[in-house]
>>> print(open('start-v9.txt').read())   # compact mmCIF, C-alpha atoms
# COMPACT_ATOMS: atom_id res chain seq x y z
CA MET P 1 -27.40 -11.04 -37.83
CA SER P 2 -28.52 -14.64 -38.16
CA SER P 3 -27.98 -16.40 -41.44
CA ALA P 4 -31.00 -17.26 -43.50
CA THR P 5 -31.21 -20.81 -44.74
CA PRO P 6 -30.65 -21.11 -48.49
CA VAL P 7 -34.28 -22.12 -49.04
CA ASP P 8 -35.40 -18.68 -47.83
CA VAL P 9 -33.35 -16.91 -50.45
CA ASP P 10 -34.66 -15.62 -53.77
CA GLU P 11 -31.61 -16.71 -55.75
CA ALA P 12 -32.65 -15.03 -59.00
CA ASP P 13 -32.94 -11.68 -57.25
CA LEU P 14 -29.70 -12.21 -55.35
CA LEU P 15 -27.85 -13.11 -58.53
CA ALA P 16 -29.15 -10.03 -60.32
CA ARG P 17 -27.92 -7.86 -57.44
CA LEU P 18 -24.53 -9.61 -57.44
CA ARG P 19 -24.12 -9.00 -61.12
CA ALA P 20 -25.05 -5.38 -60.59
CA GLY P 21 -22.20 -5.22 -58.05
CA GLU P 22 -24.34 -4.41 -55.02
CA GLU P 23 -22.21 -4.61 -51.89
CA SER P 24 -25.13 -5.82 -49.77
CA ALA P 25 -25.65 -8.76 -52.13
CA PHE P 26 -22.07 -9.99 -51.62
CA GLU P 27 -22.53 -9.73 -47.87
CA GLN P 28 -25.81 -11.61 -48.08
CA VAL P 29 -24.17 -14.43 -50.04
CA VAL P 30 -21.39 -14.83 -47.49
CA ARG P 31 -23.80 -14.80 -44.55
CA THR P 32 -26.30 -17.12 -46.20
CA TYR P 33 -24.03 -19.80 -47.59
CA GLY P 34 -20.87 -19.41 -45.51
CA GLY P 35 -21.95 -21.76 -42.73
CA ARG P 36 -22.67 -24.67 -45.02
CA LEU P 37 -19.44 -24.10 -46.94
CA LEU P 38 -17.45 -23.97 -43.70
CA ALA P 39 -18.96 -27.28 -42.61
CA VAL P 40 -18.15 -29.12 -45.83
CA THR P 41 -14.64 -27.71 -46.21
CA ARG P 42 -13.85 -28.38 -42.56
CA ARG P 43 -14.85 -31.99 -43.09
CA ILE P 44 -12.50 -32.27 -46.08
CA MET P 45 -9.61 -30.30 -44.58
CA GLY P 46 -9.87 -31.58 -41.01
CA SER P 47 -9.20 -28.13 -39.55
CA ASP P 48 -11.25 -24.99 -38.86
CA GLU P 49 -8.43 -22.66 -39.84
CA ASP P 50 -7.87 -24.29 -43.23
CA ALA P 51 -11.61 -24.36 -43.84
CA ARG P 52 -11.85 -20.60 -43.32
CA ASP P 53 -9.04 -19.95 -45.78
CA VAL P 54 -10.66 -22.24 -48.30
CA VAL P 55 -14.10 -20.65 -47.91
CA GLN P 56 -12.59 -17.20 -48.36
CA ASP P 57 -10.82 -18.34 -51.54
CA ALA P 58 -14.00 -20.02 -52.75
CA PHE P 59 -16.12 -16.88 -52.35
CA LEU P 60 -13.52 -14.78 -54.14
CA ASN P 61 -13.28 -17.29 -56.98
CA ALA P 62 -17.05 -17.32 -57.26
CA PHE P 63 -17.31 -13.52 -57.27
CA LYS P 64 -14.66 -13.33 -59.99
CA SER P 65 -16.50 -15.80 -62.18
CA LEU P 66 -20.10 -14.68 -61.71
CA ASN P 67 -20.38 -14.18 -65.46
CA ARG P 68 -19.70 -17.88 -65.93
CA PHE P 69 -22.50 -18.93 -63.61
CA GLU P 70 -25.34 -20.40 -65.60
CA GLY P 71 -28.83 -19.68 -64.41
CA ASN P 72 -29.96 -23.29 -64.74
CA ALA P 73 -27.90 -24.35 -61.73
CA LYS P 74 -28.66 -23.28 -58.19
CA LEU P 75 -26.38 -20.63 -56.76
CA SER P 76 -25.97 -22.69 -53.59
CA THR P 77 -24.94 -25.79 -55.58
CA TRP P 78 -22.48 -23.79 -57.66
CA LEU P 79 -20.86 -22.23 -54.58
CA HIS P 80 -20.73 -25.61 -52.92
CA ARG P 81 -18.89 -27.12 -55.88
CA ILE P 82 -16.41 -24.24 -55.97
CA ALA P 83 -15.71 -24.66 -52.25
CA VAL P 84 -15.19 -28.42 -52.54
CA ASN P 85 -12.79 -27.86 -55.44
CA ALA P 86 -10.92 -25.19 -53.50
CA ALA P 87 -10.57 -27.56 -50.54
CA LEU P 88 -9.24 -30.39 -52.70
CA MET P 89 -6.84 -27.99 -54.41
CA LYS P 90 -5.49 -26.85 -51.04
CA LEU P 91 -5.09 -30.46 -49.90
CA ARG P 92 -3.05 -31.20 -53.00
CA THR P 93 -0.77 -28.23 -52.55
CA ARG P 94 -0.19 -28.42 -48.82
CA LYS P 95 2.76 -30.34 -47.57
CA ARG P 96 1.85 -33.99 -47.69
CA LYS P 97 1.87 -35.80 -44.40
CA PRO P 98 2.84 -39.45 -44.58
CA GLU P 99 -0.35 -41.41 -45.12
CA GLN P 100 -1.71 -42.91 -41.91
CA SER P 101 -2.44 -46.61 -42.07
CA ILE P 102 -6.05 -47.68 -41.90
CA ASP P 103 -5.26 -51.38 -41.50
CA THR P 104 -5.92 -51.59 -37.78
CA LEU P 105 -9.48 -50.41 -38.38
CA LEU P 106 -10.25 -53.04 -41.02
CA PRO P 107 -11.79 -56.42 -40.20
CA ALA P 108 -9.35 -59.24 -39.46
CA TYR P 109 -9.75 -62.79 -40.72
CA LEU P 110 -8.71 -66.22 -39.59
CA ASP P 111 -6.68 -68.45 -41.90
CA ASP P 112 -9.85 -70.18 -43.04
CA GLY P 113 -11.32 -66.88 -44.27
CA HIS P 114 -13.81 -66.39 -41.41
CA HIS P 115 -14.02 -63.13 -39.48
CA GLU P 116 -11.97 -63.07 -36.30
CA GLU P 117 -14.56 -60.96 -34.58
CA ARG P 118 -18.12 -62.00 -33.76
CA PHE P 119 -20.50 -59.25 -34.85
CA GLN P 120 -23.81 -58.61 -33.20
CA SER P 121 -26.70 -56.56 -34.42
CA TRP P 122 -26.62 -53.05 -33.10
CA GLU P 123 -29.22 -52.70 -30.42
CA GLU P 124 -30.94 -49.69 -31.90
CA PRO P 125 -31.85 -48.87 -35.51
CA VAL P 126 -29.47 -46.24 -36.85
CA ASP P 127 -32.26 -43.76 -37.66
CA LYS P 128 -33.32 -43.78 -34.05
CA ALA P 129 -29.79 -43.50 -32.67
CA MET P 130 -29.11 -40.57 -34.99
CA GLU P 131 -32.03 -38.64 -33.53
CA ARG P 132 -29.71 -37.78 -30.63
CA ALA P 133 -27.46 -34.77 -31.14
CA GLU P 134 -24.61 -36.39 -29.19
CA THR P 135 -24.66 -39.42 -31.51
CA ARG P 136 -24.53 -37.18 -34.58
CA GLU P 137 -21.60 -35.32 -33.05
CA LEU P 138 -19.86 -38.60 -32.27
CA VAL P 139 -20.23 -39.81 -35.85
CA ARG P 140 -18.75 -36.55 -37.15
CA LYS P 141 -15.86 -36.83 -34.71
CA HIS P 142 -15.05 -40.32 -35.95
CA ILE P 143 -15.27 -39.29 -39.61
CA ASP P 144 -12.72 -36.59 -38.79
CA GLU P 145 -10.44 -39.26 -37.34
CA LEU P 146 -10.21 -41.21 -40.59
CA PRO P 147 -6.89 -40.82 -42.42
CA GLU P 148 -7.12 -37.95 -44.92
CA GLY P 149 -6.97 -40.04 -48.10
CA TYR P 150 -9.92 -42.11 -46.92
CA ARG P 151 -11.89 -39.32 -45.29
CA THR P 152 -11.97 -37.26 -48.49
CA VAL P 153 -13.35 -40.16 -50.53
CA LEU P 154 -16.01 -40.90 -47.91
CA VAL P 155 -17.02 -37.24 -47.72
CA LEU P 156 -17.29 -36.83 -51.50
CA ARG P 157 -19.13 -40.11 -52.11
CA ASP P 158 -21.32 -40.69 -49.07
CA ILE P 159 -21.94 -37.16 -47.87
CA GLU P 160 -21.61 -34.96 -50.93
CA GLY P 161 -23.27 -37.64 -53.04
CA LEU P 162 -20.84 -37.52 -55.97
CA ASP P 163 -20.58 -40.68 -58.05
CA THR P 164 -17.44 -42.80 -58.16
CA GLU P 165 -16.25 -41.40 -61.51
CA GLU P 166 -16.61 -37.77 -60.40
CA THR P 167 -14.90 -38.49 -57.10
CA ALA P 168 -12.03 -40.29 -58.85
CA LYS P 169 -11.58 -37.36 -61.22
CA MET P 170 -11.60 -34.76 -58.46
CA LEU P 171 -9.04 -36.69 -56.43
CA GLY P 172 -6.87 -37.78 -59.34
CA LEU P 173 -7.42 -41.46 -58.51
CA THR P 174 -8.53 -44.37 -60.67
CA VAL P 175 -12.14 -45.51 -60.33
CA ASN P 176 -10.97 -48.77 -58.80
CA ALA P 177 -8.71 -47.08 -56.25
CA THR P 178 -11.60 -44.77 -55.33
CA LYS P 179 -13.90 -47.72 -54.70
CA ILE P 180 -11.31 -49.50 -52.58
CA ARG P 181 -10.72 -46.35 -50.52
CA LEU P 182 -14.42 -45.77 -50.00
CA HIS P 183 -14.95 -49.37 -48.92
CA ARG P 184 -12.06 -49.19 -46.45
CA ALA P 185 -13.21 -45.83 -45.14
CA ARG P 186 -16.68 -47.22 -44.45
CA GLN P 187 -15.25 -50.32 -42.81
CA ALA P 188 -12.95 -48.22 -40.65
CA LEU P 189 -15.78 -45.91 -39.64
CA ARG P 190 -17.90 -48.95 -38.76
CA THR P 191 -15.11 -50.15 -36.47
CA LEU P 192 -14.96 -46.75 -34.78
CA LEU P 193 -18.73 -46.53 -34.36
CA ALA P 194 -19.34 -50.11 -33.22
CA PRO P 195 -18.47 -49.66 -29.51
CA HIS P 196 -20.94 -46.76 -29.27
CA PHE P 197 -23.78 -48.41 -31.16
CA ARG P 198 -23.63 -51.78 -29.47
CA SER P 199 -24.80 -50.70 -26.09
CA VAL P 200 -27.16 -47.80 -26.06
CA PRO P 201 -28.21 -46.12 -22.84
CA SER P 202 -31.95 -46.40 -22.33
CA MET A 1 -17.74 -67.85 -50.76
CA LYS A 2 -15.77 -67.12 -47.58
CA CYS A 3 -16.47 -64.25 -45.17
CA ARG A 4 -13.31 -62.51 -46.38
CA GLU A 5 -14.53 -62.53 -50.00
CA LEU A 6 -18.00 -61.44 -48.99
CA ALA A 7 -16.54 -58.38 -47.27
CA GLU A 8 -14.76 -57.41 -50.50
CA PHE A 9 -18.03 -57.60 -52.44
CA LEU A 10 -20.01 -55.54 -49.90
CA ILE A 11 -19.50 -52.20 -51.65
CA ASP A 12 -20.88 -53.49 -54.94
CA TYR A 13 -23.67 -55.36 -53.18
CA VAL A 14 -25.01 -52.32 -51.34
CA SER A 15 -24.86 -50.20 -54.51
CA GLY A 16 -26.65 -52.93 -56.50
CA GLU A 17 -23.68 -53.40 -58.82
CA LEU A 18 -22.80 -56.99 -58.00
CA PRO A 19 -23.08 -59.25 -61.06
CA GLU A 20 -26.01 -61.66 -60.82
CA GLU A 21 -23.96 -64.82 -60.38
CA THR A 22 -21.83 -63.35 -57.59
CA ARG A 23 -24.91 -61.89 -55.93
CA VAL A 24 -26.49 -65.35 -55.72
CA HIS A 25 -23.39 -66.71 -53.94
CA PHE A 26 -23.25 -63.60 -51.74
CA GLU A 27 -26.86 -63.96 -50.62
CA LEU A 28 -26.51 -67.69 -50.10
CA HIS A 29 -23.59 -67.03 -47.76
CA LEU A 30 -25.65 -64.43 -45.91
CA THR A 31 -28.46 -66.90 -45.24
CA ARG A 32 -25.93 -69.25 -43.63
CA CYS A 33 -23.65 -66.80 -41.82
CA ARG A 34 -25.18 -64.64 -39.11
CA ASN A 35 -21.86 -62.96 -38.54
CA CYS A 36 -21.65 -61.65 -42.11
CA HIS A 37 -25.32 -60.71 -42.00
CA ALA A 38 -24.73 -58.61 -38.90
CA TYR A 39 -21.64 -57.07 -40.54
CA LEU A 40 -23.63 -56.11 -43.63
CA ILE A 41 -26.30 -54.38 -41.54
CA GLN A 42 -23.63 -52.52 -39.58
CA TYR A 43 -21.88 -51.47 -42.81
CA GLU A 44 -25.12 -50.08 -44.25
CA SER A 45 -25.93 -48.38 -40.94
CA THR A 46 -22.50 -46.73 -40.95
CA VAL A 47 -23.09 -45.20 -44.38
CA LYS A 48 -26.48 -43.95 -43.25
CA ALA A 49 -25.10 -42.56 -39.99
CA GLY A 50 -22.48 -40.53 -41.91
CA ARG A 51 -25.12 -39.10 -44.20
CA ILE A 52 -27.39 -38.10 -41.35
CA ALA A 53 -24.57 -36.66 -39.22
CA CYS A 54 -23.10 -34.48 -41.98
CA GLY A 55 -25.99 -34.11 -44.39
CA GLU A 56 -27.75 -31.05 -45.64
CA HIS A 57 -29.91 -30.69 -42.54
CA SER A 58 -27.08 -31.39 -40.15
CA ASP A 59 -27.08 -29.49 -36.87
CA GLU A 60 -23.36 -28.76 -37.13
CA LEU A 61 -23.90 -25.70 -39.29
CA PRO A 62 -22.92 -22.56 -37.44
CA ALA A 63 -25.90 -20.28 -36.86
CA ASP A 64 -23.78 -17.31 -37.79
CA VAL A 65 -20.85 -17.04 -40.14
CA PRO A 66 -17.92 -15.61 -38.15
CA GLU A 67 -17.86 -11.82 -38.52
CA ASP A 68 -14.15 -11.71 -39.29
CA LEU A 69 -14.67 -14.10 -42.20
CA VAL A 70 -17.48 -11.94 -43.60
CA LYS A 71 -15.30 -8.84 -43.26
CA ALA A 72 -12.25 -10.56 -44.77
CA VAL A 73 -14.18 -11.76 -47.82
CA LEU A 74 -15.80 -8.38 -48.42
CA ALA A 75 -12.49 -6.55 -48.03
CA ALA A 76 -10.69 -8.95 -50.36
CA ARG A 77 -13.45 -8.66 -52.96
CA LYS A 78 -12.75 -4.96 -53.34
CA LEU A 79 -9.22 -5.83 -54.39
CA ILE A 80 -10.35 -8.14 -57.20
>>> encode(input="start-v9.txt", output="structure tokens")
Amino acid sequence: MSSATPVDVDEADLLARLRAGEESAFEQVVRTYGGRLLAVTRRIMGSDEDARDVVQDAFLNAFKSLNRFEGNAKLSTWLHRIAVNAALMKLRTRKRKPEQSIDTLLPAYLDDGHHEERFQSWEEPVDKAMERAETRELVRKHIDELPEGYRTVLVLRDIEGLDTEETAKMLGLTVNATKIRLHRARQALRTLLAPHFRSVPS
Amino acid sequence: MKCRELAEFLIDYVSGELPEETRVHFELHLTRCRNCHAYLIQYESTVKAGRIACGEHSDELPADVPEDLVKAVLAARKLI
């Protein structure tokens, strides 16, 4: 069975069936929203296996708290938020790896404060480059390579679209630390992307 | 303003949060420094690339949710 995209779903009807305890409604929810939740949790966790565990936990949490779901939010948004929270919770509880340094991916400066590197404009506008599936895949691969503490901030801020305060709260960081991490994560990702964007095959 | 300082202000500049006085110095530096100008464009392009690659309409979404995950969730739900 192929999964319907969330826009095809009559959420009010689905919610009513969930609350009535219809087995087919639970299955429909998992099939409809599971893919998107797997993608976002995989990005946060950095592993397919962890993402599956998190998505399973997230669905169960959601099903347990259906009575707390307020009709003014979208079901998809609510599930998404539960999954992101479940992923962050799992990150906090799993054995901490020593934090990888990001320094080698940050710009270097000369003593006089100038950049060491000479930057050139990328040869192709980013919108155009991102029309290619292999470029999109490459960008995702490099996001996955960022050290965890930076990747999670980048995912929450730039991809999930949370604001700095929300992100800071979810990660237990100060607002300032969150901004510094986001800035470094973007700079590091730029360094990783630059060799691919500079010369584009025609 | 030196290139090093400009790089620290980039995040506030692109989000429109740089105080007016600093922004004037920032933009003045940009008009004189092609290197920082190119870096700014690359920084903004990086943010955009991430959004497009992983955004809502991303092509990474699996067409089908793995069957064993569907089964596991439905089985576990019955135990709630």
>>> interface_residues(input="start-v9.txt", of="chain P", to="chain A", cutoff="7 Å", atoms="all atoms listed in the file", output="PyMOL selection string")
chain P and resi 2-3+27+30-31+34-36+39+56+60+109+113-115+118-121+126+130+136-137+139-140+158-159+183+186-187+189-190
>>> write_last_selection(input="start-v9.txt", atoms="C-alpha atoms", output="PDB file, in the frame of the given file")
ATOM      1  CA  SER P   2     -28.520 -14.640 -38.160  1.00  0.00           C
ATOM      2  CA  SER P   3     -27.980 -16.400 -41.440  1.00  0.00           C
ATOM      3  CA  GLU P  27     -22.530  -9.730 -47.870  1.00  0.00           C
ATOM      4  CA  VAL P  30     -21.390 -14.830 -47.490  1.00  0.00           C
ATOM      5  CA  ARG P  31     -23.800 -14.800 -44.550  1.00  0.00           C
ATOM      6  CA  GLY P  34     -20.870 -19.410 -45.510  1.00  0.00           C
ATOM      7  CA  GLY P  35     -21.950 -21.760 -42.730  1.00  0.00           C
ATOM      8  CA  ARG P  36     -22.670 -24.670 -45.020  1.00  0.00           C
ATOM      9  CA  ALA P  39     -18.960 -27.280 -42.610  1.00  0.00           C
ATOM     10  CA  GLN P  56     -12.590 -17.200 -48.360  1.00  0.00           C
ATOM     11  CA  LEU P  60     -13.520 -14.780 -54.140  1.00  0.00           C
ATOM     12  CA  TYR P 109      -9.750 -62.790 -40.720  1.00  0.00           C
ATOM     13  CA  GLY P 113     -11.320 -66.880 -44.270  1.00  0.00           C
ATOM     14  CA  HIS P 114     -13.810 -66.390 -41.410  1.00  0.00           C
ATOM     15  CA  HIS P 115     -14.020 -63.130 -39.480  1.00  0.00           C
ATOM     16  CA  ARG P 118     -18.120 -62.000 -33.760  1.00  0.00           C
ATOM     17  CA  PHE P 119     -20.500 -59.250 -34.850  1.00  0.00           C
ATOM     18  CA  GLN P 120     -23.810 -58.610 -33.200  1.00  0.00           C
ATOM     19  CA  SER P 121     -26.700 -56.560 -34.420  1.00  0.00           C
ATOM     20  CA  VAL P 126     -29.470 -46.240 -36.850  1.00  0.00           C
ATOM     21  CA  MET P 130     -29.110 -40.570 -34.990  1.00  0.00           C
ATOM     22  CA  ARG P 136     -24.530 -37.180 -34.580  1.00  0.00           C
ATOM     23  CA  GLU P 137     -21.600 -35.320 -33.050  1.00  0.00           C
ATOM     24  CA  VAL P 139     -20.230 -39.810 -35.850  1.00  0.00           C
ATOM     25  CA  ARG P 140     -18.750 -36.550 -37.150  1.00  0.00           C
ATOM     26  CA  ASP P 158     -21.320 -40.690 -49.070  1.00  0.00           C
ATOM     27  CA  ILE P 159     -21.940 -37.160 -47.870  1.00  0.00           C
ATOM     28  CA  HIS P 183     -14.950 -49.370 -48.920  1.00  0.00           C
ATOM     29  CA  ARG P 186     -16.680 -47.220 -44.450  1.00  0.00           C
ATOM     30  CA  GLN P 187     -15.250 -50.320 -42.810  1.00  0.00           C
ATOM     31  CA  LEU P 189     -15.780 -45.910 -39.640  1.00  0.00           C
ATOM     32  CA  ARG P 190     -17.900 -48.950 -38.760  1.00  0.00           C
TER      33      ARG P 190
END
>>> atom_distance(input="start-v9.txt", atom1="CA of Leu110 (chain P)", atom2="CA of His25 (chain A)")
20.5 Å
>>> atom_distance(input="start-v9.txt", atom1="CA of Pro19 (chain A)", atom2="CA of Ala194 (chain P)")
29.5 Å
>>> closest_residue(input="start-v9.txt", among="P:Ile102, P:Gly21, P:Ala133, P:Val9", to="Leu75 (chain P)", atoms="all atoms listed in the file")
P:Val9
>>> atom_distance(input="start-v9.txt", atom1="CA of His196 (chain P)", atom2="CA of His29 (chain A)")
27.6 Å
>>> closest_residue(input="start-v9.txt", among="P:Glu99, P:Phe63, P:Glu145, P:Pro107", to="Glu22 (chain P)", atoms="all atoms listed in the file")
P:Phe63
>>> closest_residue(input="start-v9.txt", among="P:His80, P:Arg43, P:Arg184, P:Lys74", to="Ala58 (chain P)", atoms="all atoms listed in the file")
P:His80
>>> decode(input="start-v9.txt", residues="region 51-73 of chain A", atoms="N, CA, C and O atoms", output="short mmCIF file (atom, residue, chain, number, x, y, z; two decimals), in the first residue's frame")
data_model
loop_
_atom_site.label_atom_id
_atom_site.label_comp_id
_atom_site.auth_asym_id
_atom_site.auth_seq_id
_atom_site.Cartn_x
_atom_site.Cartn_y
_atom_site.Cartn_z
N ARG A 51 17.43 23.77 3.50
CA ARG A 51 15.96 23.79 3.52
C ARG A 51 15.37 23.01 2.36
O ARG A 51 14.42 22.25 2.53
N ILE A 52 15.96 23.21 1.18
CA ILE A 52 15.40 22.53 0.01
C ILE A 52 15.65 21.02 0.11
O ILE A 52 14.78 20.20 -0.17
N ALA A 53 16.85 20.64 0.56
CA ALA A 53 17.22 19.22 0.59
C ALA A 53 16.38 18.42 1.59
O ALA A 53 16.08 17.26 1.37
N CYS A 54 16.02 19.06 2.71
CA CYS A 54 15.34 18.32 3.78
C CYS A 54 13.93 18.85 4.04
O CYS A 54 13.30 18.43 5.01
N GLY A 55 13.48 19.76 3.23
CA GLY A 55 12.19 20.40 3.51
C GLY A 55 11.00 19.50 3.31
O GLY A 55 11.13 18.31 3.00
N GLU A 56 9.86 20.11 3.48
CA GLU A 56 8.59 19.38 3.47
C GLU A 56 8.37 18.58 2.18
O GLU A 56 7.77 17.53 2.19
N HIS A 57 8.87 19.13 1.07
CA HIS A 57 8.62 18.44 -0.21
C HIS A 57 9.84 17.66 -0.67
O HIS A 57 10.02 17.37 -1.83
N SER A 58 10.70 17.36 0.30
CA SER A 58 11.93 16.65 -0.01
C SER A 58 11.64 15.28 -0.62
O SER A 58 10.67 14.61 -0.28
N ASP A 59 12.53 14.86 -1.51
CA ASP A 59 12.36 13.57 -2.17
C ASP A 59 12.95 12.42 -1.35
O ASP A 59 13.04 11.31 -1.82
N GLU A 60 13.38 12.71 -0.11
CA GLU A 60 13.97 11.63 0.68
C GLU A 60 12.91 10.79 1.38
O GLU A 60 13.20 9.78 1.96
N LEU A 61 11.67 11.29 1.36
CA LEU A 61 10.64 10.56 2.12
C LEU A 61 10.41 9.19 1.51
O LEU A 61 10.23 9.08 0.30
N PRO A 62 10.40 8.16 2.33
CA PRO A 62 10.15 6.84 1.78
C PRO A 62 8.72 6.77 1.24
O PRO A 62 7.80 7.33 1.82
N ALA A 63 8.56 6.11 0.09
CA ALA A 63 7.23 6.01 -0.51
C ALA A 63 6.33 5.17 0.40
O ALA A 63 5.14 5.43 0.52
N ASP A 64 6.91 4.18 1.02
CA ASP A 64 6.14 3.33 1.91
C ASP A 64 6.81 3.27 3.28
O ASP A 64 8.03 3.20 3.36
N VAL A 65 5.99 3.27 4.31
CA VAL A 65 6.54 3.10 5.65
C VAL A 65 6.85 1.61 5.79
O VAL A 65 6.04 0.77 5.41
N PRO A 66 8.02 1.26 6.31
CA PRO A 66 8.36 -0.17 6.41
C PRO A 66 7.26 -0.97 7.13
O PRO A 66 6.76 -0.53 8.17
N GLU A 67 6.90 -2.11 6.53
CA GLU A 67 5.81 -2.92 7.06
C GLU A 67 6.05 -3.33 8.52
O GLU A 67 5.12 -3.34 9.33
N ASP A 68 7.31 -3.66 8.83
CA ASP A 68 7.55 -4.13 10.20
C ASP A 68 7.34 -3.00 11.21
O ASP A 68 6.94 -3.25 12.34
N LEU A 69 7.57 -1.76 10.78
CA LEU A 69 7.31 -0.64 11.69
C LEU A 69 5.80 -0.48 11.91
O LEU A 69 5.34 -0.31 13.04
N VAL A 70 5.05 -0.58 10.81
CA VAL A 70 3.58 -0.47 10.93
C VAL A 70 3.07 -1.55 11.89
O VAL A 70 2.32 -1.27 12.83
N LYS A 71 3.55 -2.77 11.66
CA LYS A 71 3.08 -3.90 12.50
C LYS A 71 3.48 -3.71 13.95
O LYS A 71 2.69 -3.96 14.86
N ALA A 72 4.73 -3.23 14.16
CA ALA A 72 5.22 -3.06 15.54
C ALA A 72 4.40 -2.00 16.28
O ALA A 72 4.04 -2.19 17.45
N VAL A 73 4.09 -0.91 15.60
CA VAL A 73 3.32 0.16 16.25
C VAL A 73 1.92 -0.35 16.60
O VAL A 73 1.43 -0.15 17.72
#
